[in-house]
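*Asks:* This is upload.cif (mmCIF, C-alpha atoms).
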data_work
loop_
_atom_site.label_atom_id
_atom_site.label_comp_id
_atom_site.auth_asym_id
_atom_site.auth_seq_id
_atom_site.Cartn_x
_atom_site.Cartn_y
_atom_site.Cartn_z
CA MET A 1060 -76.31 26.77 -98.62
CA ALA A 1061 -72.52 26.89 -98.37
CA PRO A 1062 -70.89 29.52 -96.13
CA THR A 1063 -69.41 32.55 -97.90
CA ALA A 1064 -66.14 31.61 -99.60
CA THR A 1065 -63.15 32.99 -97.67
CA PRO A 1066 -59.43 32.27 -98.15
CA SER A 1067 -57.31 30.46 -95.59
CA LYS A 1068 -54.14 32.18 -94.35
CA ASP A 1069 -52.03 30.68 -97.15
CA GLN A 1070 -54.54 31.28 -99.96
CA ALA A 1071 -55.10 34.27 -102.23
CA GLU A 1072 -58.61 35.72 -102.32
CA VAL A 1073 -59.40 35.45 -106.04
CA ILE A 1074 -61.70 37.85 -107.88
CA LEU A 1075 -62.58 36.44 -111.32
CA ILE A 1076 -63.38 39.38 -113.59
CA GLY A 1077 -65.11 38.18 -116.76
CA CYS A 1078 -66.59 34.69 -116.51
CA GLY A 1079 -68.20 34.36 -119.91
CA ALA A 1080 -70.61 31.63 -120.92
CA PRO A 1081 -70.36 28.15 -119.36
CA LEU A 1082 -68.59 25.70 -121.69
CA ARG A 1083 -67.28 28.57 -123.88
CA GLY A 1084 -65.69 31.26 -121.71
CA MET A 1085 -62.09 30.92 -120.54
CA GLY A 1086 -63.12 32.65 -117.30
CA TRP A 1087 -65.72 29.96 -116.67
CA TYR A 1088 -63.08 27.25 -117.00
CA HIS A 1089 -60.77 29.10 -114.60
CA ALA A 1090 -63.71 29.20 -112.17
CA VAL A 1091 -64.52 25.49 -112.28
CA GLN A 1092 -60.86 24.60 -111.74
CA MET A 1093 -60.67 26.80 -108.63
CA ILE A 1094 -64.07 25.68 -107.32
CA GLY A 1095 -62.81 22.12 -107.74
CA ASN A 1096 -59.83 22.96 -105.47
CA GLU A 1097 -57.36 22.16 -108.23
CA CYS A 1098 -55.26 25.24 -107.35
CA PRO A 1099 -54.56 24.82 -103.61
CA HIS A 1100 -53.45 28.43 -103.02
CA ALA A 1101 -56.32 30.03 -104.99
CA LYS A 1102 -59.71 30.53 -103.30
CA LEU A 1103 -62.39 31.80 -105.69
CA CYS A 1104 -64.45 34.23 -103.63
CA TYR A 1105 -66.02 36.63 -106.15
CA VAL A 1106 -67.07 36.56 -109.81
CA VAL A 1107 -67.64 39.89 -111.59
CA GLU A 1108 -69.75 39.35 -114.72
CA PRO A 1109 -71.64 42.44 -115.94
CA TRP A 1110 -72.78 40.98 -119.25
CA PHE A 1111 -74.58 37.81 -118.15
CA MET A 1112 -75.84 39.43 -114.93
CA GLY A 1113 -77.12 42.30 -117.11
CA PRO A 1114 -78.38 42.44 -120.71
CA GLY A 1115 -76.72 39.17 -121.76
CA GLY A 1116 -78.71 37.21 -119.21
CA GLU A 1117 -81.67 36.94 -121.58
CA GLY A 1118 -79.58 36.05 -124.64
CA PRO A 1119 -77.55 33.01 -125.77
CA GLY A 1120 -75.79 31.37 -122.83
CA GLY A 1121 -77.78 33.40 -120.30
CA GLU A 1122 -79.75 30.51 -118.81
CA ASP A 1123 -76.63 28.34 -118.53
CA PHE A 1124 -74.86 31.17 -116.72
CA LYS A 1125 -77.72 31.56 -114.23
CA LYS A 1126 -77.55 27.83 -113.41
CA PHE A 1127 -73.78 28.06 -112.95
CA GLN A 1128 -74.18 31.14 -110.73
CA LYS A 1129 -76.78 29.44 -108.52
CA THR A 1130 -74.68 26.29 -108.10
CA SER A 1131 -71.55 28.31 -107.33
CA GLU A 1132 -73.39 30.44 -104.76
CA ASP A 1133 -75.32 27.61 -103.10
CA ASP A 1134 -72.64 24.92 -103.07
CA HIS A 1135 -69.41 26.93 -102.82
CA GLY A 1136 -70.27 30.32 -101.32
CA VAL A 1137 -68.94 32.28 -104.30
CA GLN A 1138 -70.41 35.79 -104.53
CA PHE A 1139 -71.43 37.22 -107.94
CA LEU A 1140 -71.24 40.94 -108.65
CA MET A 1141 -72.12 43.29 -111.50
CA SER A 1142 -68.95 45.39 -111.22
CA VAL A 1143 -65.55 45.54 -109.58
CA ALA A 1144 -66.75 48.65 -107.67
CA ASP A 1145 -69.21 46.41 -105.78
CA LEU A 1146 -66.39 44.50 -104.06
CA PRO A 1147 -66.07 45.02 -100.30
CA GLU A 1148 -62.83 46.36 -98.88
CA VAL A 1149 -60.03 43.85 -98.47
CA ALA A 1150 -60.10 42.21 -95.04
CA GLU A 1151 -57.03 42.63 -92.86
CA GLY A 1152 -54.27 40.15 -93.70
CA VAL A 1153 -55.95 39.01 -96.95
CA LYS A 1154 -54.01 39.05 -100.23
CA ARG A 1155 -56.38 39.83 -103.10
CA LEU A 1156 -55.71 38.52 -106.61
CA ALA A 1157 -57.67 39.62 -109.67
CA LEU A 1158 -57.92 37.12 -112.53
CA ILE A 1159 -58.96 39.25 -115.50
CA SER A 1160 -60.49 37.18 -118.28
CA GLY A 1161 -62.78 39.65 -120.02
CA ARG A 1162 -62.71 40.95 -123.56
CA THR A 1163 -59.31 42.31 -124.47
CA GLY A 1164 -60.64 45.81 -125.12
CA ASP A 1165 -62.00 46.03 -121.56
CA ASN A 1166 -58.77 44.94 -119.85
CA PRO A 1167 -57.16 48.38 -119.36
CA ARG A 1168 -60.25 49.66 -117.52
CA LEU A 1169 -60.75 46.43 -115.57
CA MET A 1170 -57.15 46.34 -114.37
CA GLY A 1171 -57.41 49.93 -113.15
CA GLU A 1172 -60.58 49.02 -111.25
CA ALA A 1173 -58.90 45.92 -109.77
CA ILE A 1174 -55.98 47.99 -108.48
CA LYS A 1175 -58.43 50.44 -106.85
CA ALA A 1176 -60.20 47.46 -105.27
CA GLY A 1177 -57.06 46.51 -103.36
CA CYS A 1178 -55.65 43.73 -105.54
CA THR A 1179 -51.90 43.32 -104.91
CA CYS A 1180 -51.47 40.93 -107.84
CA ILE A 1181 -53.12 40.65 -111.25
CA TYR A 1182 -53.38 37.54 -113.42
CA LEU A 1183 -54.03 39.01 -116.86
CA GLU A 1184 -55.20 36.86 -119.75
CA LYS A 1185 -53.38 37.24 -123.05
CA PRO A 1186 -52.72 39.46 -124.89
CA GLY A 1187 -53.42 41.88 -122.03
CA ALA A 1188 -54.65 44.87 -124.07
CA PRO A 1189 -55.57 45.70 -127.68
CA THR A 1190 -52.44 47.79 -128.29
CA VAL A 1191 -48.86 48.14 -127.11
CA SER A 1192 -49.44 51.68 -125.86
CA GLU A 1193 -52.38 50.57 -123.68
CA LEU A 1194 -50.43 47.64 -122.23
CA GLU A 1195 -47.43 49.86 -121.50
CA ALA A 1196 -49.74 52.31 -119.69
CA MET A 1197 -51.13 49.39 -117.66
CA LYS A 1198 -47.58 48.31 -116.76
CA THR A 1199 -46.79 51.83 -115.57
CA ALA A 1200 -50.00 52.07 -113.53
CA ALA A 1201 -49.37 48.71 -111.85
CA SER A 1202 -45.80 49.63 -111.02
CA ALA A 1203 -46.90 52.96 -109.49
CA SER A 1204 -49.29 51.07 -107.18
CA ASP A 1205 -46.73 48.34 -106.37
CA VAL A 1206 -48.97 45.74 -108.01
CA THR A 1207 -47.43 42.72 -109.75
CA VAL A 1208 -48.91 41.62 -113.08
CA LYS A 1209 -48.46 38.04 -114.30
CA MET A 1210 -49.70 36.83 -117.67
CA GLY A 1211 -51.78 33.81 -118.63
CA TYR A 1212 -49.28 32.56 -121.19
CA ASN A 1213 -49.70 28.93 -120.21
CA LYS A 1214 -47.61 27.50 -123.05
CA ASN A 1215 -44.50 28.92 -121.35
CA VAL A 1216 -44.92 26.11 -118.79
CA CYS A 1217 -46.26 23.42 -121.17
CA LYS A 1218 -44.66 19.99 -121.15
CA TYR A 1219 -44.49 19.81 -124.96
CA VAL A 1220 -42.64 23.14 -125.17
CA THR A 1221 -40.09 22.15 -122.52
CA LYS A 1222 -39.45 18.74 -124.10
CA THR A 1223 -39.09 20.25 -127.58
CA ARG A 1224 -36.65 22.94 -126.45
CA ASN A 1225 -34.58 20.38 -124.56
CA PHE A 1226 -34.41 18.04 -127.56
CA ALA A 1227 -33.58 20.86 -129.99
CA SER A 1228 -30.66 21.92 -127.83
CA SER A 1229 -29.10 18.48 -128.37
CA VAL A 1230 -29.26 18.66 -132.21
CA GLU A 1231 -26.71 20.90 -133.90
CA GLY A 1232 -28.34 23.31 -136.36
CA SER A 1233 -31.86 22.18 -135.52
CA HIS A 1234 -35.00 24.20 -136.32
CA VAL A 1235 -38.13 24.36 -134.13
CA THR A 1236 -41.69 24.92 -135.36
CA PHE A 1237 -44.49 25.58 -132.88
CA VAL A 1238 -47.90 24.50 -134.18
CA SER A 1239 -51.16 25.75 -132.68
CA ASN A 1240 -54.53 24.36 -133.74
CA ASN A 1241 -58.16 25.21 -132.97
CA ALA A 1242 -61.15 23.09 -133.92
CA TYR A 1243 -63.50 25.62 -135.53
CA GLU A 1244 -65.61 24.39 -138.44
CA ASN A 1245 -64.16 25.48 -141.77
CA THR A 1246 -67.24 27.48 -142.77
CA ALA A 1247 -67.79 31.19 -143.38
CA GLU A 1248 -70.33 31.27 -140.53
CA SER A 1249 -68.08 29.59 -137.96
CA LEU A 1250 -64.94 31.54 -138.90
CA GLY A 1251 -66.89 34.80 -139.18
CA GLU A 1252 -68.11 34.34 -135.60
CA CYS A 1253 -64.54 33.53 -134.54
CA PHE A 1254 -63.12 36.61 -136.30
CA GLU A 1255 -65.70 38.89 -134.66
CA ARG A 1256 -65.39 37.42 -131.14
CA ASN A 1257 -61.58 37.60 -131.37
CA ALA A 1258 -61.51 40.98 -133.08
CA GLU A 1259 -57.91 41.69 -132.10
CA GLY A 1260 -56.92 39.15 -134.78
CA MET A 1261 -55.18 35.79 -134.83
CA LEU A 1262 -51.68 37.04 -134.03
CA LYS A 1263 -52.94 38.91 -130.97
CA ASN A 1264 -55.19 36.05 -129.95
CA MET A 1265 -54.65 32.42 -130.88
CA ALA A 1266 -50.99 32.68 -131.99
CA ILE A 1267 -50.00 35.14 -129.25
CA HIS A 1268 -48.94 32.19 -127.07
CA GLU A 1269 -46.41 31.14 -129.69
CA LEU A 1270 -45.13 34.70 -130.06
CA ALA A 1271 -44.64 34.80 -126.28
CA LEU A 1272 -42.49 31.66 -126.58
CA LEU A 1273 -40.40 33.37 -129.26
CA VAL A 1274 -39.93 36.44 -127.06
CA SER A 1275 -39.22 34.37 -123.94
CA PHE A 1276 -36.84 31.78 -125.40
CA TYR A 1277 -35.61 32.81 -128.88
CA ASP A 1278 -34.40 36.42 -128.48
CA VAL A 1279 -37.25 37.68 -130.68
CA THR A 1280 -37.88 41.41 -130.30
CA VAL A 1281 -39.00 43.93 -132.89
CA GLU A 1282 -35.48 45.38 -133.02
CA ASN A 1283 -33.83 41.95 -133.29
CA ILE A 1284 -35.94 40.58 -136.18
CA GLU A 1285 -33.84 40.31 -139.33
CA SER A 1286 -36.49 38.74 -141.59
CA VAL A 1287 -40.02 37.34 -141.62
CA GLU A 1288 -41.17 34.95 -144.33
CA ALA A 1289 -44.73 33.66 -144.71
CA ASP A 1290 -45.39 30.18 -146.06
CA LYS A 1291 -47.78 31.23 -148.84
CA GLU A 1292 -48.82 27.67 -149.69
CA PHE A 1293 -50.06 27.00 -146.16
CA SER A 1294 -51.35 30.43 -145.16
CA SER A 1295 -54.80 31.90 -145.78
CA MET A 1296 -56.37 35.30 -145.08
CA GLN A 1297 -60.11 35.92 -145.46
CA THR A 1298 -62.67 38.70 -145.10
CA LEU A 1299 -65.87 37.33 -143.54
CA LYS A 1300 -69.06 38.64 -141.98
CA GLY A 1301 -69.55 38.15 -138.25
CA PRO A 1302 -72.89 37.67 -136.46
CA SER A 1303 -73.35 41.48 -136.32
CA GLY A 1304 -73.13 41.71 -140.12
CA LYS A 1305 -69.83 43.59 -139.96
CA GLU A 1306 -66.94 42.30 -142.07
CA TRP A 1307 -63.66 41.19 -140.47
CA THR A 1308 -60.34 40.41 -142.17
CA ASP A 1309 -58.03 37.95 -140.46
CA PHE A 1310 -55.84 34.90 -141.01
CA ASP A 1311 -57.70 31.61 -140.69
CA LYS A 1312 -54.31 29.92 -140.93
CA ILE A 1313 -50.77 31.25 -141.02
CA LYS A 1314 -47.24 29.88 -141.08
CA PHE A 1315 -44.08 31.97 -140.96
CA THR A 1316 -40.40 31.83 -140.09
CA ILE A 1317 -38.53 34.52 -138.18
CA LYS A 1318 -34.77 34.94 -138.36
CA THR A 1319 -33.07 37.16 -135.78
CA LYS A 1320 -30.02 39.37 -136.09
CA THR A 1321 -28.39 37.24 -133.39
CA GLY A 1322 -28.55 34.15 -135.63
CA LYS A 1323 -31.62 32.30 -134.38
CA ALA A 1324 -34.47 31.00 -136.53
CA VAL A 1325 -37.85 29.64 -135.45
CA SER A 1326 -41.23 28.99 -137.10
CA VAL A 1327 -44.85 29.34 -136.03
CA GLN A 1328 -47.89 27.67 -137.59
CA ALA A 1329 -51.48 28.37 -136.52
CA ASP A 1330 -54.73 27.03 -137.96
CA ARG A 1331 -58.21 27.91 -136.69
CA CYS A 1332 -59.59 24.72 -138.29
CA GLY A 1333 -56.61 22.44 -137.72
CA GLY A 1334 -58.12 20.23 -135.00
CA SER A 1335 -57.55 20.09 -131.26
CA VAL A 1336 -53.92 18.91 -131.07
CA SER A 1337 -51.09 21.43 -130.80
CA TYR A 1338 -47.50 20.31 -131.12
CA ALA A 1339 -43.92 21.28 -131.82
CA THR A 1340 -41.40 19.77 -134.20
CA VAL A 1341 -37.62 19.73 -134.50
CA THR A 1342 -36.00 19.36 -137.93
CA ASP A 1343 -32.33 18.76 -138.65
CA THR A 1344 -30.10 20.68 -141.06
CA ASP A 1345 -31.54 18.67 -144.01
CA GLY A 1346 -35.09 19.69 -143.09
CA LYS A 1347 -35.95 16.19 -141.88
CA GLU A 1348 -38.27 15.98 -138.87
CA VAL A 1349 -36.39 14.29 -136.03
CA PHE A 1350 -38.72 15.03 -133.10
CA ARG A 1351 -42.38 15.82 -132.48
CA TYR A 1352 -44.18 16.25 -129.19
CA SER A 1353 -47.91 16.89 -128.94
CA MET A 1354 -50.33 18.39 -126.50
CA PRO A 1355 -52.11 16.41 -125.26
CA ASP A 1356 -49.70 13.47 -125.18
CA GLU A 1357 -50.74 9.88 -124.42
CA GLU A 1358 -50.47 10.51 -120.69
CA ASP A 1359 -52.83 13.49 -120.95
CA GLU A 1360 -55.35 11.81 -123.29
CA ALA A 1361 -56.93 9.83 -120.44
CA MET A 1362 -57.57 13.05 -118.50
CA VAL A 1363 -59.00 14.71 -121.63
CA SER A 1364 -61.54 11.87 -121.92
CA VAL A 1365 -62.54 12.33 -118.27
CA LEU A 1366 -62.99 16.10 -118.75
CA GLU A 1367 -64.97 15.64 -121.99
CA ALA A 1368 -67.40 13.44 -120.09
CA LYS A 1369 -67.57 15.91 -117.18
CA TYR A 1370 -68.13 19.01 -119.36
CA PRO A 1371 -69.75 17.80 -122.62
CA GLY A 1372 -69.77 20.45 -125.32
CA ALA A 1373 -67.02 22.61 -123.82
CA MET A 1374 -64.27 24.10 -125.99
CA PRO A 1375 -61.81 21.23 -126.72
CA TYR A 1376 -58.70 23.32 -126.03
CA PHE A 1377 -59.78 23.71 -122.36
CA PHE A 1378 -59.14 20.02 -121.83
CA ASN A 1379 -55.90 19.80 -123.79
CA GLN A 1380 -54.38 22.63 -121.74
CA ASP A 1381 -56.08 21.81 -118.42
CA PRO A 1382 -52.91 20.97 -116.43
CA ASP A 1383 -51.13 24.08 -117.71
CA TYR A 1384 -54.00 26.40 -116.73
CA ILE A 1385 -53.79 24.89 -113.24
CA THR A 1386 -50.02 25.37 -113.09
CA VAL A 1387 -50.16 29.05 -114.05
CA LYS A 1388 -53.01 29.89 -111.63
CA GLU A 1389 -51.42 27.97 -108.79
CA ARG A 1390 -48.02 29.61 -109.21
CA VAL A 1391 -49.53 33.10 -109.45
CA ALA A 1392 -51.80 32.49 -106.44
CA ASN A 1393 -48.92 31.12 -104.35
CA PHE A 1394 -46.85 34.16 -105.30
CA CYS A 1395 -49.71 36.49 -104.31
CA ALA A 1396 -50.50 34.76 -101.02
CA ASN A 1397 -47.05 33.65 -99.86
CA GLY A 1398 -44.42 35.43 -101.95
CA VAL A 1399 -43.24 32.17 -103.56
CA ASP A 1400 -41.50 32.84 -106.90
CA ALA A 1401 -43.87 32.22 -109.85
CA GLU A 1402 -41.28 30.24 -111.82
CA GLY A 1403 -41.67 30.32 -115.61
CA ILE A 1404 -44.72 32.60 -115.59
CA ALA A 1405 -44.57 35.41 -118.14
CA THR A 1406 -44.39 38.96 -116.81
CA ILE A 1407 -46.15 42.01 -118.21
CA GLU A 1408 -42.76 43.06 -119.66
CA ILE A 1409 -42.75 39.87 -121.76
CA ALA A 1410 -46.36 40.61 -122.72
CA VAL A 1411 -45.52 44.13 -123.92
CA GLU A 1412 -42.74 42.86 -126.20
CA THR A 1413 -44.96 40.01 -127.43
CA LEU A 1414 -47.66 42.49 -128.40
CA ARG A 1415 -45.05 44.71 -130.07
CA VAL A 1416 -43.95 41.72 -132.15
CA ALA A 1417 -47.58 40.89 -133.08
CA GLU A 1418 -48.26 44.45 -134.22
CA HIS A 1419 -45.01 44.43 -136.21
CA LEU A 1420 -45.79 41.12 -137.94
CA VAL A 1421 -49.42 41.64 -138.99
CA PRO A 1422 -48.86 44.20 -141.80
CA ILE A 1423 -45.75 42.34 -143.02
CA LEU A 1424 -47.61 39.03 -143.31
CA GLN A 1425 -50.74 40.66 -144.79
CA LYS A 1426 -48.60 42.26 -147.48
CA GLN A 1427 -46.85 38.97 -148.29
CA LEU A 1428 -50.21 37.18 -148.62
CA SER A 1429 -52.05 39.86 -150.60
#
Translate this file's structure into structure tokens.

*Replies:*
Amino acid sequence: MAPTATPSKDQAEVILIGCGAPLRGMGWYHAVQMIGNECPHAKLCYVVEPWFMGPGGEGPGGEDFKKFQKTSEDDHGVQFLMSVADLPEVAEGVKRLALISGRTGDNPRLMGEAIKAGCTCIYLEKPGAPTVSELEAMKTAASASDVTVKMGYNKNVCKYVTKTRNFASSVEGSHVTFVSNNAYENTAESLGECFERNAEGMLKNMAIHELALLVSFYDVTVENIESVEADKEFSSMQTLKGPSGKEWTDFDKIKFTIKTKTGKAVSVQADRCGGSVSYATVTDTDGKEVFRYSMPDEEDEAMVSVLEAKYPGAMPYFFNQDPDYITVKERVANFCANGVDAEGIATIEIAVETLRVAEHLVPILQKQLS
């Protein structure tokens, strides 16, 4: 039995709130990276998982979670709790970081609980909250408690994004398209489950990373959008039944171009069934593609193969974005523990504007596709 996990003087004490099912939950993948000491300044000490430690423990994924819990407790000293309220008080000199990776609708409540539990920094998974008003209220609450909120927008620090932006800056009149792909099966059952599990919708879920790039690097705000044009040939919107029997309407794939009042133009393409490779392209003034960089690239492919063998059956995008998840967690943890600037990490202010843009775009694109 390992001793109880405790942070060293230069580590943040991490509370993972919302683990999810092994091989499927983003929280689970955050956990295995920290348990594997891949984020030197992040010490995973507590996991709060009310679903699988409660009613979900007897359902799908429950047995796998129990095995993961036992291994984490026995081998790494991680403590598992039913609620944030069960956390002990913060020990003197310890900097507590909450990594909130639950369902989006629970985030406002969970962040409030994390602040009460003595967290001085919050790592909040995208999009942060279901609505702009909720996220703005969370921003205000964090500010009032002198708590810093950083966002899990990992594509802001991705190699393919940086390389694409750098190349585009060298080509006069160039146009960038960011392409995001998931590897869901193109069936009503698979997409229906996806629509229900990600009920906030594609633009607030899968494509929110790309919208954050537009807000961060392309001057895109609701007020600065001049036009939005959907690519009707590529795009598709469906109404499908989820596992509960309820119907959900969402995009299964979407492509659109935004032009800003300040003269910039940029495109986003997202496809739930497009495979496991995301990429960005640069086209010249004639529309000819002059640059493409993918994630993963050849250098990353070897690591993807290693991770596929280590975690067979896990969501493919975990592996493709593995180094970026590490980078974001490490920078946020180092900021929390040691005050080191979290360079390139999106703030909650960026997240609020990103969510504003998503809410602005959805009805426009739905209307263009109907």

*Asks:* Can you tell me, as a VMD selection string, what residues are no more than 9 Å from Val1416 in chain A when counting all atoms listed in the file, ignoring any on the same chain fewer than 2 positions away?

*Replies:* chain A and resid 1270 1274 1279 to 1281 1411 to 1414 1418 to 1421

*Asks:* So the first atom is CA of Leu1169 in chain A and the second is CA of Val1073 in chain A; what is the distance between them in Å, to one decimal place?

*Replies:*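 So the answer is 14.6 Å.
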
*Asks:* Kindly indicate which residue among A:Met1085, A:Ala1324, A:Met1210, A:Ala1203 lies nearest to Gln1380 in chain A, using only C-alpha atoms for the distances.

*Replies:*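 Using only C-alpha atoms, the shortest distance to Gln1380 in chain A belongs to A:Met1085.
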
*Asks:* Nearest to Ala1188 in chain A among A:Val1341, A:Ile1267, A:Met1354, A:Cys1217, with distances taken over all atoms listed in the file: which residue is it?

*Replies:*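 Selected residue with least distance to Ala1188 in chain A: A:Ile1267.
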
*Asks:* Hey, what comes out of the PyMOL selection byres ((chain A and resi 1179) around 12) on this file? Could you write it as a PyMOL selection string?

*Replies:* chain A and resi 1071-1074+1149+1152-1158+1170-1171+1173-1178+1180-1182+1201-1209+1391-1392+1394-1398

*Asks:* Translate the PyMOL selection byres ((chain A and resi 1374) around 12) into a concrete residue list for this structure, as a list of chain:residue names.

*Replies:*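 Applying the expression gives A:Ala1080, A:Pro1081, A:Leu1082, A:Arg1083, A:Gly1084, A:Met1085, A:Trp1087, A:Tyr1088, A:Asn1241, A:Ala1242, A:Tyr1243, A:Gly1334, A:Ser1335, A:Val1363, A:Leu1366, A:Glu1367, A:Tyr1370, A:Pro1371, A:Gly1372, A:Ala1373, A:Pro1375, A:Tyr1376, A:Phe1377, A:Phe1378, A:Asn1379, A:Gln1380, A:Asp1381.
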
*Asks:* So, with only C-alpha atoms as the atoms that count, which of A:Pro1167, A:Gly1077, A:Gly1304, A:Gly1333 lies closest to Glu1252 in chain A?

*Replies:*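 That would be A:Gly1304, the residue with the smallest distance to Glu1252 in chain A.
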
*Asks:* Pick from A:Thr1130, A:Ser1353, A:Ser1429, A:Asn1213: nearest to Ala1271 in chain A, with all atoms listed in the file counted?

*Replies:*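 Among the listed residues, A:Asn1213 lies closest to Ala1271 in chain A.
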
*Asks:* Given the file shown, enumerate the residues that the PyMOL selection byres ((chain A and resi 1112-1117) around 12) captures and present them as a VMD selection string.

*Replies:* chain A and resid 1077 to 1080 1106 to 1111 1118 to 1129 1139 to 1142

*Asks:* Determine the nearest neighbour of Lys1214 in chain A from the options A:Leu1183, A:Leu1075, A:Ala1266, A:Leu1272, counting only C-alpha atoms.

*Replies:*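 Looking only at the distances to Lys1214 in chain A, the closest residue turns out to be A:Leu1272.
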
*Asks:* If you count only C-alpha atoms, which residues fall within 8 Å of range 1287-1298 of chain A, apart from same-chain ones fewer than 2 positions away, as a PyMOL selection string?

*Replies:* chain A and resi 1284-1285+1300+1306-1318+1420+1423-1425+1427-1428

*Asks:* Please compute the CA of Val1220 in chain A-CA of Thr1340 in chain A distance, one decimal, in Å.

*Replies:*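 Calculated distance between CA of Val1220 in chain A and CA of Thr1340 in chain A is 9.7 Å.
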
*Asks:* Dump as a PyMOL selection string all residues having an atom at most 12 Å from (-50.6, 50.9, -126.1), computed in the file's coordinates with only C-alpha atoms.

*Replies:* chain A and resi 1164+1166-1167+1186-1199+1410-1412+1414-1415+1418

*Asks:* Just the residues within 12 Å of Asn1096 in chain A, please, counting only C-alpha atoms, with nothing from its chain fewer than 2 positions along; format it as an NGL selection string.

*Replies:* :A and (1066 or 1070 or 1089-1094 or 1098-1103 or 1135 or 1385 or 1388-1389)

*Asks:* Kindly indicate which residue among A:Met1261, A:Ala1200, A:Val1238, A:Met1362 lies nearest to Ser1326 in chain A, using all atoms listed in the file for the distances.

*Replies:*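 Closest to Ser1326 in chain A of all the choices is A:Val1238.
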
*Asks:* Where's the centre, and what are the edge lengths in Å to one decimal, of a box along x, y and z enclosing all listed atoms of range 1061-1075 of chain A padded 3 Å per side, as lines of an AutoDock Vina configuration file?

*Replies:*
center_x = -62.3
center_y = 32.4
center_z = -102.8
size_x = 26.5
size_y = 17.0
size_z = 23.0

*Asks:* Just to confirm, what's the straight-line distance from CA of Glu1348 in chain A to CA of Phe1226 in chain A in Å (one decimal)?

*Replies:* 12.1 Å

*Asks:* Contacts of Gly1211 in chain A at 8 Å or less, counting all atoms listed in the file, minus same-chain residues fewer than 4 places along, as a list in words?

*Replies:*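 The residues satisfying every condition are Tyr1182, Leu1183, Glu1184, Lys1185, Tyr1384, Val1387, Ile1404 and Ala1405 of chain A.
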